[in-house]
Amino acid sequence: MSAAARVPALAAALALCLALFASLQAPGLAFHDGDQLRMVAPAELEVADGPLILRWKVSDDVARAVAQRRAYFAVFIDRAPIAPGESLGALADDGCRRTPGCPDRAWLAERRVLVTLSSAVRVGVLPDGGWGADGRGHEATVVLMAADGTRWGEAATGVRFLSPEESA
Amino acid sequence: MTTTDAPHAPERGLHPSEVHELGRRLLGVPGEGEVPPFALTVAESGRRAVVAVSAAGAAALLLPYALVPLAAPVGRALGAGGGLVRGGVTLFLLCCGLGALAVPALTGARARRDGLVLAGLLGALVTVFAAAFSPSGGLLTLFLLCAGLAAGASAAHLPLLFDRYPAEIRQRVAGTYGAIRLAACGAMLIVAGLAAPGGFGWRAVLLAAAALAAAGVALSRRLRDPGVGHHDTQRVHAAVRAGMGTPATDGIDHDADAAALRYGETMRRVLLVPPLRATLGAVAVTGMFGLPLHLYLLSHFEERWLIGPQARAVLFGVILLAAAAGVVALAERGERTFRRSPVRHLRQAAGLLTLGALALAAGALSPWPLLGVPLVFVGVALTASVGPSLAVDLLAVVPAGMRLHASGILVLLWAAAGGVGGLVYLGGLGSRFGTGVAIAGLALPAFAVATAMRKAGPLVDLELDRRVDEIVEIEDLRRVRATGGHVPLLSCRHLDFSYGLLQILFDVDFTVDDGEMVALLGTNGAGKSTLLRVISGLGLPSAGTVRFQGSDVTYLDAERRVPLGMTQVPGGKAVFGSLSVVDNLRVYGHSTGRRQAQVDAGIDATFDAFPRLAERRNQLASTLSGGEQQMLALGKALILHPKLLLIDELSLGLAPKVVGELLGMVRRINDGGTAVVLVEQSVNVALTLANHAYFMEKGQVRFDGPARDLLARPELLRSVFLQGAVKGVQPAVGA
């Protein structure tokens, strides 16, 4: 290989080593969807008129884990979900950290994070300022959580939907 | 040798106009005639190269085009917002530009672009593969950054293809390269769109992209660099040589290493090519119509027409595939126009950009997908064909050895300025007015640069002639050397120089022979000092050449001309005022890295010549009188022993006695074999020393000949200060 090719090739090889090393630290990378979680309602880009109920389907494995209280769901409305392996406690601010039992379900709900054992959740008021120029666009992401409060693997499903024009 | 390799050797003793005609024909602009069949001509030079290089071009873009439609699932999986991919793409574009700048530095003067193509492909392969295993958003961003650096190797693609295939099919080769890139990006979008319904995650899509990159690596393994200027410059050299009847050598005449341009000098020289300067903005704007436009069109399909993620990825992928076919079709038309006239070719490209931007604006603002999608297709196809056209025009006018540098600048502008600028521009407009208005807003910069492109057309034409002139000059010099003829010490030809928009020098020819004493005279503001600045490298010309002992030093840094034997004593500011006299002399010596003993000997010689300086050796230079400062400045010549000494306004404001002393020293320096150019407003001073004189007025040389003949030209010596001086002057020659 010429000298010209050596520098980028070395940089690329370094990147590859870094990636492989990092991936060893984080098992459970999802190359196949596996239908662990799949959003059912609302449909992609649907106008969510009336009370919004998010519904999703789960695989048998996930359903079993939830039934055995080994897992539950966290729904993130218009905000990025936590990373795999991360705890919902990572969302806590200083005030919450000083409060025993925080973050709890109510505290999280105020911050657009809903936790549930069910495969459906009712969303009350949609936050202002979603995606799109008119702010009508919203996004919901459902991730699987382990009983210890950390996110379980990369399994996730999501949907982008619109609120009615008058509520924008 | 293929039919297109033949140098079309002309008869001996070509007329200059015939040389130009021949040169332009070999550079791909014959002015008329049909275009040769593409498939046949490509087959003669080997199809594999265009496929391999295009695959490398496509591989460079695989990662962003795979991730863009998958931004949502990637963000969900890694616990990051959709902004992760957009931010990563911005970094990718920025690093692509920076990587492109590094590409010419990696190869230097060697023709190793094949290695760069392979390195870029390997980089793309490894980063895409690594990204598929990325466990976090941070690492994915890092891999996008690395992929961007590797994509910088794309700067080697078009220069390599230009030398791999004949100039007659250059536009279609560039079009094919652009089309294959576009098609591969489209295919990637379709794969990404179909992955989710097929049950595959985004990581699997990246693995598919890595497989495509691996195929590119396999294709380009046997790629070989044919040599710089193989299909144009070398052929022009051979033809001109044959016309002059000089024996054949090994191709381009490279300057001696000492005068070969370094990276920064070459970059600066490329940026001085007028058509390139005139179209820098246009290149950046075509970058806005690449990845940023495609990214926002995907968002627009969702926001305006409510098309779901999979469907819009597939639909836009199909649009890109169809647009690729459009680019190929437009390339043939562009080829015909370029062969007839680069002026028309650039005008045509400007028209395509304008029409494309209008079609995109209409499509983006249309509320109906059935109308909007076809308009978007037309807009994407038209705007995508502008880049290859522009590249053909600009790379054709850059000297073959500097095309890699020029291409690096083009990729920097395309990716970093246009790409990142486009994302910021579209993002700003999009967040306030929506994606439709943002995309329509691209028409504004497109219209602005289309005007600049139209104006740049004649510059391309002019520059092609200059390239031929340069080759003729090189071959002429080679012929003179081969026949044992005389090469002047300094030869300036057709020099133009401007301060911004104000042109100072106009087509100046200036020659100095070994050991000659030349007076450069002229009125105030005639351009004498500017000419000295251009000769010594303190100013760079917009046209023309400066040759020192036959080597082209036109764009060499000033400090690199000193070791070659060229030294200037600038008028009135030749010393470092805050240094002592002896330290000034030491600085002169050390500026060329001379040994301590040599420097000390030079300092002693200066003090012997000017005892007054010896008395003030530790005094600050700023405290010396004007005459003493000029003595100190002349000490530079005694230390450096230059072959050529350029002295600007030696006598200005000095007493006659001091002037006499200084002139005596100048005479002694000249007697020692140093050629001297003396710029003077005082004809009395200049002509008592010089035997050869130039007279300048309004930036042009009005007289070039023996000094005494100048005195017989009262129409030139009409300015007040000269007329007053003429009476008492006796020239050196024959005096």
# chains A, B, ... in the order shown; residues from 1 in each chain; ligands from 1
>>> residues_around(residues="region 153-163 of chain A", least_positions_apart="5", cutoff="7 Å", atoms="only C-alpha atoms", output="ChimeraX atom specification")
/A:28-30,36-39,44-49,84-85,136-144,168 /B:76-78
>>> write_last_selection(atoms="N, CA, C and O atoms", output="tab-separated table (two decimals), in the first residue's frame")
chain	number	residue	atom	x	y	z
A	28	GLY	N	-25.96	-7.38	22.77
A	28	GLY	CA	-27.39	-7.22	22.49
A	28	GLY	C	-27.67	-6.22	21.40
A	28	GLY	O	-28.74	-5.61	21.38
A	29	LEU	N	-26.70	-6.01	20.48
A	29	LEU	CA	-26.94	-5.10	19.36
A	29	LEU	C	-27.97	-5.76	18.44
A	29	LEU	O	-27.85	-6.93	18.09
A	30	ALA	N	-28.98	-4.98	18.04
A	30	ALA	CA	-30.09	-5.56	17.28
A	30	ALA	C	-29.89	-5.38	15.79
A	30	ALA	O	-30.01	-4.28	15.27
A	36	GLN	N	-39.99	-7.41	18.79
A	36	GLN	CA	-40.14	-7.33	20.25
A	36	GLN	C	-41.18	-6.28	20.62
A	36	GLN	O	-42.00	-6.49	21.49
A	37	LEU	N	-41.08	-5.13	19.95
A	37	LEU	CA	-42.05	-4.06	20.16
A	37	LEU	C	-42.49	-3.55	18.79
A	37	LEU	O	-41.64	-3.35	17.92
A	38	ARG	N	-43.77	-3.35	18.60
A	38	ARG	CA	-44.22	-2.77	17.33
A	38	ARG	C	-45.44	-1.87	17.58
A	38	ARG	O	-46.43	-2.32	18.14
A	39	MET	N	-45.32	-0.63	17.16
A	39	MET	CA	-46.39	0.34	17.40
A	39	MET	C	-47.62	-0.01	16.56
A	39	MET	O	-47.49	-0.39	15.39
A	44	GLU	N	-48.52	5.97	11.52
A	44	GLU	CA	-47.48	6.96	11.21
A	44	GLU	C	-48.13	8.17	10.52
A	44	GLU	O	-48.89	8.02	9.57
A	45	LEU	N	-47.86	9.34	11.05
A	45	LEU	CA	-48.32	10.63	10.52
A	45	LEU	C	-49.84	10.80	10.56
A	45	LEU	O	-50.39	11.61	9.83
A	46	GLU	N	-50.49	10.03	11.41
A	46	GLU	CA	-51.94	10.17	11.57
A	46	GLU	C	-52.23	11.42	12.40
A	46	GLU	O	-51.44	11.79	13.28
A	47	VAL	N	-53.35	12.06	12.13
A	47	VAL	CA	-53.77	13.18	12.96
A	47	VAL	C	-54.51	12.60	14.16
A	47	VAL	O	-55.54	11.93	14.01
A	48	ALA	N	-53.94	12.81	15.33
A	48	ALA	CA	-54.50	12.21	16.54
A	48	ALA	C	-55.59	13.10	17.09
A	48	ALA	O	-55.35	13.96	17.94
A	49	ASP	N	-56.78	12.88	16.58
A	49	ASP	CA	-57.93	13.69	17.00
A	49	ASP	C	-58.55	13.04	18.24
A	49	ASP	O	-58.68	11.83	18.29
A	84	PRO	N	-29.55	2.46	25.91
A	84	PRO	CA	-29.58	1.11	26.46
A	84	PRO	C	-28.66	0.97	27.67
A	84	PRO	O	-27.54	1.48	27.65
A	85	GLY	N	-29.15	0.31	28.70
A	85	GLY	CA	-28.34	0.13	29.91
A	85	GLY	C	-28.45	1.29	30.88
A	85	GLY	O	-28.04	1.19	32.04
A	136	ARG	N	-46.95	21.02	14.99
A	136	ARG	CA	-48.03	20.04	15.21
A	136	ARG	C	-47.50	18.61	15.27
A	136	ARG	O	-48.24	17.70	15.65
A	137	GLY	N	-46.31	18.42	14.85
A	137	GLY	CA	-45.76	17.07	14.80
A	137	GLY	C	-45.28	16.60	16.18
A	137	GLY	O	-44.71	17.38	16.94
A	138	HIS	N	-45.56	15.38	16.50
A	138	HIS	CA	-45.12	14.81	17.78
A	138	HIS	C	-44.51	13.44	17.52
A	138	HIS	O	-44.75	12.83	16.48
A	139	GLU	N	-43.76	12.99	18.51
A	139	GLU	CA	-43.13	11.69	18.37
A	139	GLU	C	-43.22	10.95	19.70
A	139	GLU	O	-42.96	11.54	20.76
A	140	ALA	N	-43.59	9.71	19.65
A	140	ALA	CA	-43.62	8.88	20.85
A	140	ALA	C	-42.70	7.69	20.65
A	140	ALA	O	-42.69	7.08	19.57
A	141	THR	N	-41.92	7.40	21.68
A	141	THR	CA	-41.00	6.26	21.61
A	141	THR	C	-41.25	5.35	22.79
A	141	THR	O	-41.31	5.82	23.93
A	142	VAL	N	-41.40	4.07	22.53
A	142	VAL	CA	-41.62	3.09	23.60
A	142	VAL	C	-40.37	2.22	23.71
A	142	VAL	O	-39.89	1.71	22.69
A	143	VAL	N	-39.84	2.13	24.90
A	143	VAL	CA	-38.68	1.24	25.09
A	143	VAL	C	-39.00	0.24	26.21
A	143	VAL	O	-39.91	0.47	27.02
A	144	LEU	N	-38.24	-0.81	26.22
A	144	LEU	CA	-38.44	-1.87	27.23
A	144	LEU	C	-37.49	-1.62	28.39
A	144	LEU	O	-36.30	-1.34	28.18
A	168	ALA	N	-52.78	23.30	17.97
A	168	ALA	CA	-51.38	23.65	17.75
A	168	ALA	C	-51.03	24.96	18.43
A	168	ALA	O	-51.85	25.82	18.59
B	76	ARG	N	-33.90	6.09	18.39
B	76	ARG	CA	-34.64	5.31	19.40
B	76	ARG	C	-33.76	4.20	19.98
B	76	ARG	O	-33.76	3.96	21.19
B	77	ALA	N	-33.03	3.54	19.10
B	77	ALA	CA	-32.22	2.41	19.57
B	77	ALA	C	-31.09	2.87	20.48
B	77	ALA	O	-30.78	2.22	21.48
B	78	LEU	N	-30.48	3.98	20.12
B	78	LEU	CA	-29.29	4.41	20.87
B	78	LEU	C	-29.62	5.41	21.97
B	78	LEU	O	-28.72	5.89	22.67
>>> residues_around(residues="Asp671 (chain B)", least_positions_apart="5", cutoff="12 Å", atoms="only C-alpha atoms", output="MDAnalysis selection string")
chainID B and resid 514:517 641 643 664:666 676 689
>>> atom_distance(atom1="CA of Leu352 (chain B)", atom2="CA of Thr451 (chain B)")
12.2 Å
>>> closest_residue(among="A:Gly130, A:Gly124, A:Gly95, A:Gly89", to="chain B", atoms="only C-alpha atoms")
A:Gly130
>>> residues_around(residues="Leu54 (chain A)", least_positions_apart="6", cutoff="6 Å", atoms="only C-alpha atoms", output="list in words")
Ala41, Ala120 and Val121 of chain A
>>> write_last_selection(atoms="N, CA and C atoms", output="short mmCIF file (atom, residue, chain, number, x, y, z; two decimals), in the first residue's frame")
data_model
loop_
_atom_site.label_atom_id
_atom_site.label_comp_id
_atom_site.auth_asym_id
_atom_site.auth_seq_id
_atom_site.Cartn_x
_atom_site.Cartn_y
_atom_site.Cartn_z
N ALA A 41 -50.92 1.88 17.21
CA ALA A 41 -51.73 3.09 17.04
C ALA A 41 -51.09 4.24 17.82
N ALA A 120 -50.43 -0.32 26.27
CA ALA A 120 -51.14 0.87 25.77
C ALA A 120 -51.05 1.93 26.86
N VAL A 121 -51.07 3.17 26.42
CA VAL A 121 -51.03 4.24 27.41
C VAL A 121 -51.83 5.43 26.88
#
>>> closest_residue(among="B:Asp496, B:Glu302, B:Asp513, B:Glu649", to="chain A", atoms="only C-alpha atoms")
B:Glu302
>>> select_by_dssp(residues="region 478-587 of chain B", states="strand (DSSP E or B)", output="PDB file with N, CA, C and O atoms, in the first residue's frame")
ATOM      1  N   LEU B 490      16.887  36.133 -15.441  1.00  0.00           N
ATOM      2  CA  LEU B 490      15.506  36.405 -15.032  1.00  0.00           C
ATOM      3  C   LEU B 490      14.691  36.702 -16.279  1.00  0.00           C
ATOM      4  O   LEU B 490      15.118  37.485 -17.127  1.00  0.00           O
ATOM      5  N   SER B 491      13.534  36.059 -16.350  1.00  0.00           N
ATOM      6  CA  SER B 491      12.675  36.305 -17.498  1.00  0.00           C
ATOM      7  C   SER B 491      11.229  36.387 -17.039  1.00  0.00           C
ATOM      8  O   SER B 491      10.675  35.414 -16.537  1.00  0.00           O
ATOM      9  N   CYS B 492      10.659  37.578 -17.161  1.00  0.00           N
ATOM     10  CA  CYS B 492       9.236  37.750 -16.814  1.00  0.00           C
ATOM     11  C   CYS B 492       8.468  37.887 -18.121  1.00  0.00           C
ATOM     12  O   CYS B 492       8.857  38.680 -18.985  1.00  0.00           O
ATOM     13  N   ARG B 493       7.376  37.126 -18.233  1.00  0.00           N
ATOM     14  CA  ARG B 493       6.615  37.190 -19.487  1.00  0.00           C
ATOM     15  C   ARG B 493       5.138  37.399 -19.206  1.00  0.00           C
ATOM     16  O   ARG B 493       4.538  36.719 -18.395  1.00  0.00           O
ATOM     17  N   HIS B 494       4.596  38.368 -19.888  1.00  0.00           N
ATOM     18  CA  HIS B 494       3.149  38.651 -19.864  1.00  0.00           C
ATOM     19  C   HIS B 494       2.597  38.796 -18.441  1.00  0.00           C
ATOM     20  O   HIS B 494       1.530  38.249 -18.124  1.00  0.00           O
ATOM     21  N   LEU B 495       3.307  39.529 -17.606  1.00  0.00           N
ATOM     22  CA  LEU B 495       2.873  39.647 -16.203  1.00  0.00           C
ATOM     23  C   LEU B 495       1.707  40.618 -16.057  1.00  0.00           C
ATOM     24  O   LEU B 495       1.764  41.754 -16.542  1.00  0.00           O
ATOM     25  N   ASP B 496       0.661  40.148 -15.382  1.00  0.00           N
ATOM     26  CA  ASP B 496      -0.440  41.014 -14.938  1.00  0.00           C
ATOM     27  C   ASP B 496      -0.443  40.947 -13.424  1.00  0.00           C
ATOM     28  O   ASP B 496      -0.216  39.880 -12.841  1.00  0.00           O
ATOM     29  N   PHE B 497      -0.708  42.078 -12.791  1.00  0.00           N
ATOM     30  CA  PHE B 497      -0.816  42.077 -11.328  1.00  0.00           C
ATOM     31  C   PHE B 497      -1.883  43.077 -10.917  1.00  0.00           C
ATOM     32  O   PHE B 497      -1.989  44.160 -11.482  1.00  0.00           O
ATOM     33  N   SER B 498      -2.658  42.688  -9.912  1.00  0.00           N
ATOM     34  CA  SER B 498      -3.713  43.577  -9.416  1.00  0.00           C
ATOM     35  C   SER B 498      -3.681  43.631  -7.902  1.00  0.00           C
ATOM     36  O   SER B 498      -3.368  42.625  -7.246  1.00  0.00           O
ATOM     37  N   TYR B 499      -4.002  44.795  -7.371  1.00  0.00           N
ATOM     38  CA  TYR B 499      -4.322  44.909  -5.949  1.00  0.00           C
ATOM     39  C   TYR B 499      -5.840  44.900  -5.885  1.00  0.00           C
ATOM     40  O   TYR B 499      -6.477  45.918  -6.164  1.00  0.00           O
ATOM     41  N   LEU B 502      -7.978  46.622  -8.661  1.00  0.00           N
ATOM     42  CA  LEU B 502      -7.159  47.621  -9.348  1.00  0.00           C
ATOM     43  C   LEU B 502      -5.942  46.954  -9.999  1.00  0.00           C
ATOM     44  O   LEU B 502      -5.028  46.512  -9.306  1.00  0.00           O
ATOM     45  N   GLN B 503      -5.956  46.890 -11.336  1.00  0.00           N
ATOM     46  CA  GLN B 503      -4.822  46.260 -12.021  1.00  0.00           C
ATOM     47  C   GLN B 503      -3.669  47.249 -12.111  1.00  0.00           C
ATOM     48  O   GLN B 503      -3.849  48.401 -12.515  1.00  0.00           O
ATOM     49  N   ILE B 504      -2.493  46.771 -11.744  1.00  0.00           N
ATOM     50  CA  ILE B 504      -1.304  47.635 -11.701  1.00  0.00           C
ATOM     51  C   ILE B 504      -0.370  47.323 -12.867  1.00  0.00           C
ATOM     52  O   ILE B 504       0.163  48.228 -13.502  1.00  0.00           O
ATOM     53  N   LEU B 505      -0.141  46.040 -13.131  1.00  0.00           N
ATOM     54  CA  LEU B 505       0.765  45.645 -14.217  1.00  0.00           C
ATOM     55  C   LEU B 505      -0.042  45.034 -15.364  1.00  0.00           C
ATOM     56  O   LEU B 505      -0.969  44.248 -15.132  1.00  0.00           O
ATOM     57  N   PHE B 506       0.350  45.417 -16.590  1.00  0.00           N
ATOM     58  CA  PHE B 506      -0.368  44.933 -17.770  1.00  0.00           C
ATOM     59  C   PHE B 506       0.625  44.293 -18.743  1.00  0.00           C
ATOM     60  O   PHE B 506       1.434  45.005 -19.344  1.00  0.00           O
ATOM     61  N   ASP B 507       0.595  42.988 -18.843  1.00  0.00           N
ATOM     62  CA  ASP B 507       1.365  42.276 -19.867  1.00  0.00           C
ATOM     63  C   ASP B 507       2.840  42.711 -19.905  1.00  0.00           C
ATOM     64  O   ASP B 507       3.378  43.040 -20.958  1.00  0.00           O
ATOM     65  N   VAL B 508       3.461  42.689 -18.739  1.00  0.00           N
ATOM     66  CA  VAL B 508       4.841  43.177 -18.631  1.00  0.00           C
ATOM     67  C   VAL B 508       5.835  42.063 -18.992  1.00  0.00           C
ATOM     68  O   VAL B 508       5.755  40.962 -18.457  1.00  0.00           O
ATOM     69  N   ASP B 509       6.735  42.358 -19.904  1.00  0.00           N
ATOM     70  CA  ASP B 509       7.876  41.471 -20.216  1.00  0.00           C
ATOM     71  C   ASP B 509       9.138  42.145 -19.690  1.00  0.00           C
ATOM     72  O   ASP B 509       9.336  43.350 -19.907  1.00  0.00           O
ATOM     73  N   PHE B 510       9.972  41.380 -19.009  1.00  0.00           N
ATOM     74  CA  PHE B 510      11.149  41.978 -18.363  1.00  0.00           C
ATOM     75  C   PHE B 510      12.221  40.894 -18.282  1.00  0.00           C
ATOM     76  O   PHE B 510      11.969  39.805 -17.773  1.00  0.00           O
ATOM     77  N   THR B 511      13.414  41.197 -18.810  1.00  0.00           N
ATOM     78  CA  THR B 511      14.479  40.181 -18.838  1.00  0.00           C
ATOM     79  C   THR B 511      15.778  40.756 -18.299  1.00  0.00           C
ATOM     80  O   THR B 511      16.110  41.909 -18.571  1.00  0.00           O
ATOM     81  N   VAL B 512      16.481  39.960 -17.516  1.00  0.00           N
ATOM     82  CA  VAL B 512      17.789  40.363 -16.988  1.00  0.00           C
ATOM     83  C   VAL B 512      18.759  39.213 -17.254  1.00  0.00           C
ATOM     84  O   VAL B 512      18.448  38.057 -16.960  1.00  0.00           O
ATOM     85  N   MET B 517      23.535  45.027 -15.346  1.00  0.00           N
ATOM     86  CA  MET B 517      23.040  46.107 -14.484  1.00  0.00           C
ATOM     87  C   MET B 517      21.890  46.758 -15.243  1.00  0.00           C
ATOM     88  O   MET B 517      22.084  47.325 -16.328  1.00  0.00           O
ATOM     89  N   VAL B 518      20.689  46.628 -14.700  1.00  0.00           N
ATOM     90  CA  VAL B 518      19.493  47.101 -15.399  1.00  0.00           C
ATOM     91  C   VAL B 518      18.844  48.223 -14.602  1.00  0.00           C
ATOM     92  O   VAL B 518      18.676  48.112 -13.382  1.00  0.00           O
ATOM     93  N   ALA B 519      18.497  49.285 -15.279  1.00  0.00           N
ATOM     94  CA  ALA B 519      17.768  50.384 -14.629  1.00  0.00           C
ATOM     95  C   ALA B 519      16.295  50.237 -14.980  1.00  0.00           C
ATOM     96  O   ALA B 519      15.950  50.024 -16.147  1.00  0.00           O
ATOM     97  N   LEU B 520      15.460  50.321 -13.961  1.00  0.00           N
ATOM     98  CA  LEU B 520      14.010  50.274 -14.187  1.00  0.00           C
ATOM     99  C   LEU B 520      13.459  51.642 -13.819  1.00  0.00           C
ATOM    100  O   LEU B 520      13.429  52.024 -12.640  1.00  0.00           O
ATOM    101  N   LEU B 521      13.081  52.387 -14.829  1.00  0.00           N
ATOM    102  CA  LEU B 521      12.675  53.776 -14.625  1.00  0.00           C
ATOM    103  C   LEU B 521      11.193  53.932 -14.893  1.00  0.00           C
ATOM    104  O   LEU B 521      10.569  53.114 -15.567  1.00  0.00           O
ATOM    105  N   GLY B 522      10.679  55.037 -14.407  1.00  0.00           N
ATOM    106  CA  GLY B 522       9.275  55.317 -14.687  1.00  0.00           C
ATOM    107  C   GLY B 522       8.733  56.364 -13.767  1.00  0.00           C
ATOM    108  O   GLY B 522       9.371  56.735 -12.772  1.00  0.00           O
ATOM    109  N   ALA B 543      -1.543  36.787 -13.879  1.00  0.00           N
ATOM    110  CA  ALA B 543      -1.200  36.095 -15.129  1.00  0.00           C
ATOM    111  C   ALA B 543       0.278  36.310 -15.408  1.00  0.00           C
ATOM    112  O   ALA B 543       0.885  37.239 -14.898  1.00  0.00           O
ATOM    113  N   GLY B 544       0.834  35.420 -16.252  1.00  0.00           N
ATOM    114  CA  GLY B 544       2.231  35.561 -16.634  1.00  0.00           C
ATOM    115  C   GLY B 544       3.154  34.688 -15.803  1.00  0.00           C
ATOM    116  O   GLY B 544       2.723  34.026 -14.860  1.00  0.00           O
ATOM    117  N   THR B 545       4.432  34.687 -16.209  1.00  0.00           N
ATOM    118  CA  THR B 545       5.403  33.844 -15.512  1.00  0.00           C
ATOM    119  C   THR B 545       6.652  34.631 -15.148  1.00  0.00           C
ATOM    120  O   THR B 545       7.015  35.592 -15.821  1.00  0.00           O
ATOM    121  N   VAL B 546       7.269  34.186 -14.057  1.00  0.00           N
ATOM    122  CA  VAL B 546       8.578  34.699 -13.663  1.00  0.00           C
ATOM    123  C   VAL B 546       9.505  33.491 -13.658  1.00  0.00           C
ATOM    124  O   VAL B 546       9.250  32.522 -12.938  1.00  0.00           O
ATOM    125  N   ARG B 547      10.521  33.547 -14.496  1.00  0.00           N
ATOM    126  CA  ARG B 547      11.475  32.429 -14.537  1.00  0.00           C
ATOM    127  C   ARG B 547      12.836  32.906 -14.082  1.00  0.00           C
ATOM    128  O   ARG B 547      13.315  33.949 -14.538  1.00  0.00           O
ATOM    129  N   PHE B 548      13.446  32.142 -13.194  1.00  0.00           N
ATOM    130  CA  PHE B 548      14.772  32.457 -12.701  1.00  0.00           C
ATOM    131  C   PHE B 548      15.685  31.320 -13.108  1.00  0.00           C
ATOM    132  O   PHE B 548      15.439  30.173 -12.719  1.00  0.00           O
ATOM    133  N   SER B 551      13.898  28.285 -14.320  1.00  0.00           N
ATOM    134  CA  SER B 551      12.893  27.628 -13.464  1.00  0.00           C
ATOM    135  C   SER B 551      11.727  28.573 -13.206  1.00  0.00           C
ATOM    136  O   SER B 551      11.934  29.761 -12.963  1.00  0.00           O
ATOM    137  N   ASP B 552      10.540  28.022 -13.249  1.00  0.00           N
ATOM    138  CA  ASP B 552       9.350  28.836 -13.000  1.00  0.00           C
ATOM    139  C   ASP B 552       9.230  29.109 -11.505  1.00  0.00           C
ATOM    140  O   ASP B 552       8.993  28.194 -10.710  1.00  0.00           O
ATOM    141  N   MET B 566      18.114  35.142  -5.279  1.00  0.00           N
ATOM    142  CA  MET B 566      17.386  36.371  -5.588  1.00  0.00           C
ATOM    143  C   MET B 566      17.169  37.156  -4.291  1.00  0.00           C
ATOM    144  O   MET B 566      16.667  36.610  -3.314  1.00  0.00           O
ATOM    145  N   THR B 567      17.613  38.386  -4.264  1.00  0.00           N
ATOM    146  CA  THR B 567      17.474  39.183  -3.042  1.00  0.00           C
ATOM    147  C   THR B 567      16.967  40.578  -3.389  1.00  0.00           C
ATOM    148  O   THR B 567      17.376  41.154  -4.389  1.00  0.00           O
ATOM    149  N   GLN B 568      16.095  41.084  -2.540  1.00  0.00           N
ATOM    150  CA  GLN B 568      15.572  42.431  -2.777  1.00  0.00           C
ATOM    151  C   GLN B 568      15.949  43.354  -1.621  1.00  0.00           C
ATOM    152  O   GLN B 568      15.914  42.958  -0.453  1.00  0.00           O
ATOM    153  N   VAL B 569      16.277  44.583  -1.965  1.00  0.00           N
ATOM    154  CA  VAL B 569      16.442  45.637  -0.963  1.00  0.00           C
ATOM    155  C   VAL B 569      15.245  46.564  -1.144  1.00  0.00           C
ATOM    156  O   VAL B 569      15.212  47.357  -2.074  1.00  0.00           O
ATOM    157  N   SER B 580      19.750  45.595  16.368  1.00  0.00           N
ATOM    158  CA  SER B 580      20.998  46.334  16.207  1.00  0.00           C
ATOM    159  C   SER B 580      21.543  46.101  14.797  1.00  0.00           C
ATOM    160  O   SER B 580      21.066  45.213  14.062  1.00  0.00           O
TER     161      SER B 580
END
>>> residues_around(residues="Asp35 (chain A)", least_positions_apart="5", cutoff="9 Å", atoms="only C-alpha atoms", output="ChimeraX atom specification")
/A:57-59,155 /B:199
>>> residues_around(residues="region 415-428 of chain B", least_positions_apart="4", cutoff="6 Å", atoms="only C-alpha atoms", output="VMD selection string")
chain B and resid 90 93 to 94 97 284 to 285 287 to 288 292 411 438
>>> write_last_selection(atoms="N, CA, C and O atoms", output="CSV table (one decimal), in the first residue's frame")
chain,number,residue,atom,x,y,z
B,90,THR,N,-23.6,16.5,9.5
B,90,THR,CA,-22.9,17.8,9.5
B,90,THR,C,-21.4,17.6,9.7
B,90,THR,O,-20.6,18.2,9.0
B,93,LEU,N,-19.8,16.0,6.6
B,93,LEU,CA,-19.5,17.0,5.5
B,93,LEU,C,-18.3,17.8,5.8
B,93,LEU,O,-17.4,18.1,5.0
B,94,LEU,N,-18.2,18.3,7.1
B,94,LEU,CA,-17.1,19.1,7.5
B,94,LEU,C,-15.8,18.4,7.4
B,94,LEU,O,-14.8,18.9,6.8
B,97,GLY,N,-14.6,17.8,3.8
B,97,GLY,CA,-13.9,19.0,3.3
B,97,GLY,C,-12.5,19.0,3.8
B,97,GLY,O,-11.5,19.3,3.0
B,284,ALA,N,-19.8,26.0,-4.1
B,284,ALA,CA,-20.4,25.8,-2.7
B,284,ALA,C,-21.9,25.6,-2.9
B,284,ALA,O,-22.5,24.8,-2.2
B,285,VAL,N,-22.5,26.4,-3.8
B,285,VAL,CA,-24.0,26.3,-3.9
B,285,VAL,C,-24.4,24.9,-4.5
B,285,VAL,O,-25.4,24.3,-4.0
B,287,GLY,N,-23.0,22.3,-3.7
B,287,GLY,CA,-22.9,21.5,-2.5
B,287,GLY,C,-24.2,21.5,-1.7
B,287,GLY,O,-24.6,20.5,-1.1
B,288,MET,N,-24.9,22.7,-1.7
B,288,MET,CA,-26.2,22.8,-1.0
B,288,MET,C,-27.2,21.9,-1.7
B,288,MET,O,-28.2,21.5,-1.0
B,292,PRO,N,-27.5,18.1,1.7
B,292,PRO,CA,-28.5,18.9,2.5
B,292,PRO,C,-29.8,18.9,1.8
B,292,PRO,O,-30.9,18.7,2.5
B,411,VAL,N,-13.8,20.0,-3.4
B,411,VAL,CA,-14.5,19.2,-2.5
B,411,VAL,C,-14.7,19.9,-1.1
B,411,VAL,O,-15.8,19.8,-0.5
B,438,ALA,N,-38.1,26.4,2.8
B,438,ALA,CA,-36.6,26.2,2.9
B,438,ALA,C,-36.0,25.7,1.5
B,438,ALA,O,-35.1,26.3,1.0
